[in-house]
Structure formats: structure tokens, C-alpha cells
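To keep things clear, I will list the structure first and then write my remarks on it.
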Amino acid sequence: MFNVTYEPILFPSFGNGPYTLLISGPIKRLNSIIVRLIIGYFDYNHLQKRYFMERRDFFKKAAVTAGAAALGTSALEAGVTHQPNNNRKVMDIAFPEKRPLITYSDRPPLLETPQNVFTCALTPNDQFFVRWHMPDIPTYIDMDKFTISVNGMVNKELKISLKELKEDYEQVEVAAVLQCGGNSRSAFTPTAGGIQWGSGAMGCAQWKGVRLRDILDRAGVKKGAEWLAVQGSEKAAYYETPNFIRELHLDELDDHVIIAYQMNGEDLPYLNGFPVRLVVPGVYSDSWIKMIDNITVSDKYQNLFFMDHAYVVPDNECECETPEKKFPKTKPIYRMNVKSVIGYPLNGAKLTLKSQAVIRGVAFDGGAGIKDVLISLDGGKTWDRSLLDSGKLGRYAYRTFRYSFRPDNLGKLKIMAKAINKLGEEQPLSKDIKWNHGGYKYNGIDVITVEVV
């Protein structure tokens, strides 16, 4: 059995974007009806309809007005991008099974990994970022009763226990990066809607579980079936909020798409989807459903809020639009683009003149594989190859990189890292990334500034 005892209450306050760090406390002294009213009223999606739409419009206009003087009116009308905010402080309090992380909200839990963690190929479970959408997450799961239901257009409906998943199917492993589509959203100005993540809404783990295709083979997919809807246990407090469901086409189910119950050799942490979650390597995390309890096979695609309206970008060549005018046609975000992040040194670090210094970080893409990570110490005028790891974890995992040098001038030094994948795709400068309302798919060249003393 798995039992989590904390049960916070949240109240709205002003902070970083529509999700804020809210006050938590025990609910034992409150009447359960009052608790339901409080949680229902302050559910994020309900707030989005009744409160944050007006607040967002107000702050958007304020940002445009204030920023026009600094950036120029034409620049603000088009929207601009820059380096994300990676200077937020780690919270003093730790969540269950986690070290203290950068915290945006405690209901739903929204936790970011500090940048200095990104020097290792695998992200430790207790430092792995956390992203939930709904405030109602089960705090008690009876593993003697837990099952995954497989239904719809199948010859035999299944109810699979965790024990059966581990014993009755072939066990497989895949190392893969999990990244929120809005990672680095704080790089967009005016502010794009959503969590104002720095660069830490990502992590890489060794996942163990069972191929989803093997489960469907056991159930027997009927002729004419094309889609499956995967749903987890998180629930909205407000009755009009749509469920978080991910639809996959059956053609997407290769050997790497698995139902995982283990992460880096241990049971999935509760906050990362215990007891089982969907793993879809190379794809943004909105596809990686947590706490899976139901899979439905069908012949028709469902129009779903999170897939078709929330996690979308403009359907044009630049995937861009202006702050004042949305592009009319959109498409869901899906395959991750090429990206690198410097984990060491950090912004503001001091390096000693003529001493041996090492730059370390991670790079990844949507599965083509990383070919090079280039380093520049002169503002991008020249680039030099870094040393990559062996790549033994596979094409969906981080490739770590390191670059040694001796700083030979006193003062500020800008360090830039640019990843290039095996298709020849490379990271652009942050200023060359075009703005979109969701703040999705940022992958600018990572830049930090240190001081040589």
C-alpha cells in the first residue's frame, strides 16, 4: 500500500503567472463541505475562466505599455524571447520523496529541478521535476485493489494488477527525457500563459515497464480501431473542468512506448506518477499520463481540451504569432526539438584567472540523437566542440558534455552552449525564437555569465 498523509489547502495570491505559490495547511479542523467549496472554487481551470482571464489581460497590457519604452513598440507587438529565468530560489520545505526544489504551487504540485542538477545523464528521482494539472490527486492507493482497465474496441477487456504487469508480460527498459512543453516559458515577453518555468521542467530517467503494444495484443484490438485514450487518476475539483486524457494513434506504439512502474531502479515516486505512468520517448510530457487507471480503444479521434486546445502551437512554418493576434490554425505539440542546458558553472559564478575550468551540461532532442555540443567563449563569434559521453543510454536520453579551458581575461565572461543533432538541426539564438501564446517549445542556445577574478 502507498499512503501520503499531507493534504494542503490553497488560497489564491499574486505571484509568477497564473499558477502561484499558495499557502498550505491541515484540513482536519474544517468541515468537509467547506473544504470542497474552497477547493472547487479555487481550482485552476475555474479560476482561469472567472478570474485569471481578466487578470492576464490587465498584466499583458501593463507589460506591453511598460516594455515598449525599453524594447520599442514594434518589438513588443511582435513578442520577444530571451534567456529564461534560472535564478529562482529553491524552497526550504521538501515534498514527500523529494529534496527541496523550486516550487510554484503545492496543489497541484508544480516543482522545478535546479539547474545545477543538469550535469548527470540520469536525473535523481528526488530531484526530478513535478508537473500535475489537477488539484485532486489520490493520497491513498490500495495496491491490493489497483488495476489498469483496458476496454473499448477489444476482444477481451482486461483489468491488470501491478503484480500481473510485472509477472505476465515481457519487461523492458528505456532511458528517455521527460520535458514539459512549457519548459523555459519565462523566456517569452510579454508573458505567455502558464507556469513561468526556468530551464528545469525536464529530467532524464531509466524507465522500466511493459510495452503498451504487448498489453493491447493481449486484449486483442478489433478491426477498424485506430485510437486509444489513456487516462490517469488525477481529478478536477470543478465539475466543468475536462479530464486530462491523452489520445495516441495505434501507429505511434513502437517498442519504446511503455507503461512504466519503475524509474531509475526504484518504484515511481508518488509525485511522478506512482504506481504506473505512460512513457512516450522523444515526445513532450503532456503525452506521459501519470497514475494510469484506464485505456480505451476506439475507431474515432476525440477532440480533447488539453491536446487540441491547450498544448498547441500555431500551425505555420515558424510556429509563431503576435501577442495581440492569435494565429487561427493550431496543431498539438509533439516531438521535442534539439536543446542543451549548462549545469555548471552557474550564472554569477566566479572563476579564477588562468585556472583550469570545466563547463558541463546535458543535451537531447526528439530521438534523432545528439551529434555535437559546441561551446563559445566570445559571444558566438567562434565555436569549439565539447566532449560528449559515449551515448550508451540511447538516442532518447541526455548526452552529457564537458569542455575544459583556462580563462585568460579578468572580468565578465559569457559562456554559450549549442547542441546539434544528427539531422543537422541546431539550437537557435534565444532572440531568434518566435513568440507563441503558450510559451511552448523554447530551445534557445543556453547562455550563462560568470566573472573571472
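The way I read the labels, and the way they are meant: chains A, B, ... in the order of the C-alpha cells, residue 1 as the first residue of every chain, and ligand 1 as the first ligand shown, with later ones counted on from there.
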
Ser430 (chain A) environment, 8 Å, only C-alpha atoms, sequence neighbours closer than 2 positions dropped, as a PDB file with N, CA and C atoms, in the first residue's frame:
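Result file around_18.pdb:
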ATOM      1  N   THR A  81      11.848  37.020 -27.326  1.00  0.00           N
ATOM      2  CA  THR A  81      12.338  35.940 -26.481  1.00  0.00           C
ATOM      3  C   THR A  81      13.750  36.258 -26.033  1.00  0.00           C
ATOM      4  N   HIS A  82      14.134  35.683 -24.912  1.00  0.00           N
ATOM      5  CA  HIS A  82      15.424  35.952 -24.285  1.00  0.00           C
ATOM      6  C   HIS A  82      15.781  34.746 -23.435  1.00  0.00           C
ATOM      7  N   GLN A  83      16.835  34.821 -22.679  1.00  0.00           N
ATOM      8  CA  GLN A  83      17.191  33.716 -21.799  1.00  0.00           C
ATOM      9  C   GLN A  83      16.137  33.540 -20.701  1.00  0.00           C
ATOM     10  N   PRO A 428      18.804  27.597 -32.018  1.00  0.00           N
ATOM     11  CA  PRO A 428      18.942  28.986 -32.453  1.00  0.00           C
ATOM     12  C   PRO A 428      19.310  29.889 -31.275  1.00  0.00           C
ATOM     13  N   ASP A 432      16.139  34.678 -31.688  1.00  0.00           N
ATOM     14  CA  ASP A 432      15.613  34.255 -32.986  1.00  0.00           C
ATOM     15  C   ASP A 432      14.422  33.309 -32.872  1.00  0.00           C
ATOM     16  N   ILE A 433      14.064  32.928 -31.642  1.00  0.00           N
ATOM     17  CA  ILE A 433      12.881  32.085 -31.440  1.00  0.00           C
ATOM     18  C   ILE A 433      11.655  32.981 -31.472  1.00  0.00           C
ATOM     19  N   ASN A 443      13.881  26.521 -27.178  1.00  0.00           N
ATOM     20  CA  ASN A 443      15.124  25.739 -27.210  1.00  0.00           C
ATOM     21  C   ASN A 443      16.324  26.602 -27.575  1.00  0.00           C
ATOM     22  N   GLY A 444      16.347  27.827 -27.053  1.00  0.00           N
ATOM     23  CA  GLY A 444      17.441  28.745 -27.384  1.00  0.00           C
ATOM     24  C   GLY A 444      18.801  28.276 -26.886  1.00  0.00           C
ATOM     25  N   ILE A 445      19.849  28.708 -27.586  1.00  0.00           N
ATOM     26  CA  ILE A 445      21.235  28.470 -27.126  1.00  0.00           C
ATOM     27  C   ILE A 445      21.342  28.929 -25.678  1.00  0.00           C
TER      28      ILE A 445
END

Residue list (alpha helix (DSSP H), DSSP) for region 102-326 of chain A, as a list in words: Leu162, Lys163, Glu164, Leu165, Lys166, Glu167, Leu212, Arg213, Asp214, Ile215, Leu216, Asp217, Arg218, Ala219 and Phe305 of chain A

So that I can see what lies close to Ser199 (chain A), please list as a list in words the residues with an atom at most 8 Å from it, counting only C-alpha atoms and leaving out residues fewer than 5 positions away in the same chain.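 In the requested format, the answer is Pro84, Asn85, Asn86, Gln115, Asn183, Ser184 and Val341 of chain A.
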
Rounded to one decimal, what separation in Å do you get between CA of Lys222 (chain A) and CA of Gly273 (chain A)?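 We find that CA of Lys222 (chain A) and CA of Gly273 (chain A) lie 29.5 Å from each other.
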
What is the CA of Leu351 (chain A) to CA of Gly411 (chain A) distance in Å?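 So the two atoms, CA of Leu351 (chain A) and CA of Gly411 (chain A), lie 9.7 Å apart.
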
If you run DSSP on the backbone here, which positions in region 151-316 of chain A get strand (DSSP E)? Please write them as a PyMOL selection string. chain A and resi 151-152+158-160+172-179+188-189+202-211+227-232+245-249+258-263+266-267+277-279+292-298+312-314

Go ahead and write the selection's residues with C-alpha atoms as a PDB file, in the first residue's frame.
ATOM      1  CA  ASN A 151     -11.644  -1.610 -22.717  1.00  0.00           C
ATOM      2  CA  GLY A 152     -13.432  -0.337 -25.806  1.00  0.00           C
ATOM      3  CA  LEU A 158      -8.604  -6.555 -19.150  1.00  0.00           C
ATOM      4  CA  LYS A 159      -8.073  -5.448 -15.568  1.00  0.00           C
ATOM      5  CA  ILE A 160      -4.330  -5.673 -14.945  1.00  0.00           C
ATOM      6  CA  VAL A 172      11.645  -3.768 -20.970  1.00  0.00           C
ATOM      7  CA  GLU A 173      13.650  -0.635 -20.178  1.00  0.00           C
ATOM      8  CA  VAL A 174      14.241   2.644 -21.977  1.00  0.00           C
ATOM      9  CA  ALA A 175      16.229   5.740 -20.988  1.00  0.00           C
ATOM     10  CA  ALA A 176      14.342   8.841 -22.031  1.00  0.00           C
ATOM     11  CA  VAL A 177      13.990  12.559 -21.353  1.00  0.00           C
ATOM     12  CA  LEU A 178      10.730  13.825 -19.905  1.00  0.00           C
ATOM     13  CA  GLN A 179      10.238  17.542 -20.638  1.00  0.00           C
ATOM     14  CA  PHE A 188       8.850  34.822 -23.580  1.00  0.00           C
ATOM     15  CA  THR A 189       7.892  38.518 -23.359  1.00  0.00           C
ATOM     16  CA  MET A 202      12.802  18.376 -17.534  1.00  0.00           C
ATOM     17  CA  GLY A 203      14.659  15.263 -16.438  1.00  0.00           C
ATOM     18  CA  CYS A 204      16.055  12.005 -17.773  1.00  0.00           C
ATOM     19  CA  ALA A 205      15.454   8.577 -16.234  1.00  0.00           C
ATOM     20  CA  GLN A 206      15.809   4.875 -16.913  1.00  0.00           C
ATOM     21  CA  TRP A 207      12.201   3.670 -17.139  1.00  0.00           C
ATOM     22  CA  LYS A 208      11.151   0.042 -16.685  1.00  0.00           C
ATOM     23  CA  GLY A 209       7.826  -1.496 -17.542  1.00  0.00           C
ATOM     24  CA  VAL A 210       5.815  -3.220 -20.254  1.00  0.00           C
ATOM     25  CA  ARG A 211       5.271  -2.317 -23.898  1.00  0.00           C
ATOM     26  CA  TRP A 227      -7.031   5.320 -31.393  1.00  0.00           C
ATOM     27  CA  LEU A 228      -6.564   4.724 -27.706  1.00  0.00           C
ATOM     28  CA  ALA A 229      -7.324   7.170 -24.913  1.00  0.00           C
ATOM     29  CA  VAL A 230      -5.097   6.933 -21.834  1.00  0.00           C
ATOM     30  CA  GLN A 231      -6.393   8.432 -18.597  1.00  0.00           C
ATOM     31  CA  GLY A 232      -4.908   8.832 -15.126  1.00  0.00           C
ATOM     32  CA  ILE A 245      -6.636  12.367 -21.314  1.00  0.00           C
ATOM     33  CA  ARG A 246      -4.021  11.612 -23.961  1.00  0.00           C
ATOM     34  CA  GLU A 247      -5.013  10.096 -27.302  1.00  0.00           C
ATOM     35  CA  LEU A 248      -2.470   8.022 -29.220  1.00  0.00           C
ATOM     36  CA  HIS A 249      -2.795   6.608 -32.705  1.00  0.00           C
ATOM     37  CA  ILE A 258       5.749   1.580 -22.340  1.00  0.00           C
ATOM     38  CA  ILE A 259       3.644   1.518 -19.203  1.00  0.00           C
ATOM     39  CA  ALA A 260       6.359   2.150 -16.600  1.00  0.00           C
ATOM     40  CA  TYR A 261       6.267   1.226 -12.925  1.00  0.00           C
ATOM     41  CA  GLN A 262       9.943   1.864 -12.183  1.00  0.00           C
ATOM     42  CA  MET A 263      12.213   4.880 -12.520  1.00  0.00           C
ATOM     43  CA  GLU A 266      13.090   2.231  -7.924  1.00  0.00           C
ATOM     44  CA  ASP A 267       9.291   2.362  -7.789  1.00  0.00           C
ATOM     45  CA  ARG A 277       2.707   6.054 -15.988  1.00  0.00           C
ATOM     46  CA  LEU A 278       2.897   6.230 -19.761  1.00  0.00           C
ATOM     47  CA  VAL A 279       6.356   6.730 -21.279  1.00  0.00           C
ATOM     48  CA  ILE A 292      -2.785   5.421 -15.349  1.00  0.00           C
ATOM     49  CA  ASP A 293      -6.017   3.623 -14.498  1.00  0.00           C
ATOM     50  CA  ASN A 294      -7.854   3.350 -17.817  1.00  0.00           C
ATOM     51  CA  ILE A 295      -7.087   2.715 -21.505  1.00  0.00           C
ATOM     52  CA  THR A 296      -9.924   2.828 -24.041  1.00  0.00           C
ATOM     53  CA  VAL A 297      -9.530   1.691 -27.654  1.00  0.00           C
ATOM     54  CA  SER A 298     -11.776   3.304 -30.290  1.00  0.00           C
ATOM     55  CA  VAL A 312      -0.904  23.684 -29.135  1.00  0.00           C
ATOM     56  CA  VAL A 313       1.249  25.982 -31.260  1.00  0.00           C
ATOM     57  CA  PRO A 314       0.393  27.931 -34.413  1.00  0.00           C
TER      58      PRO A 314
END
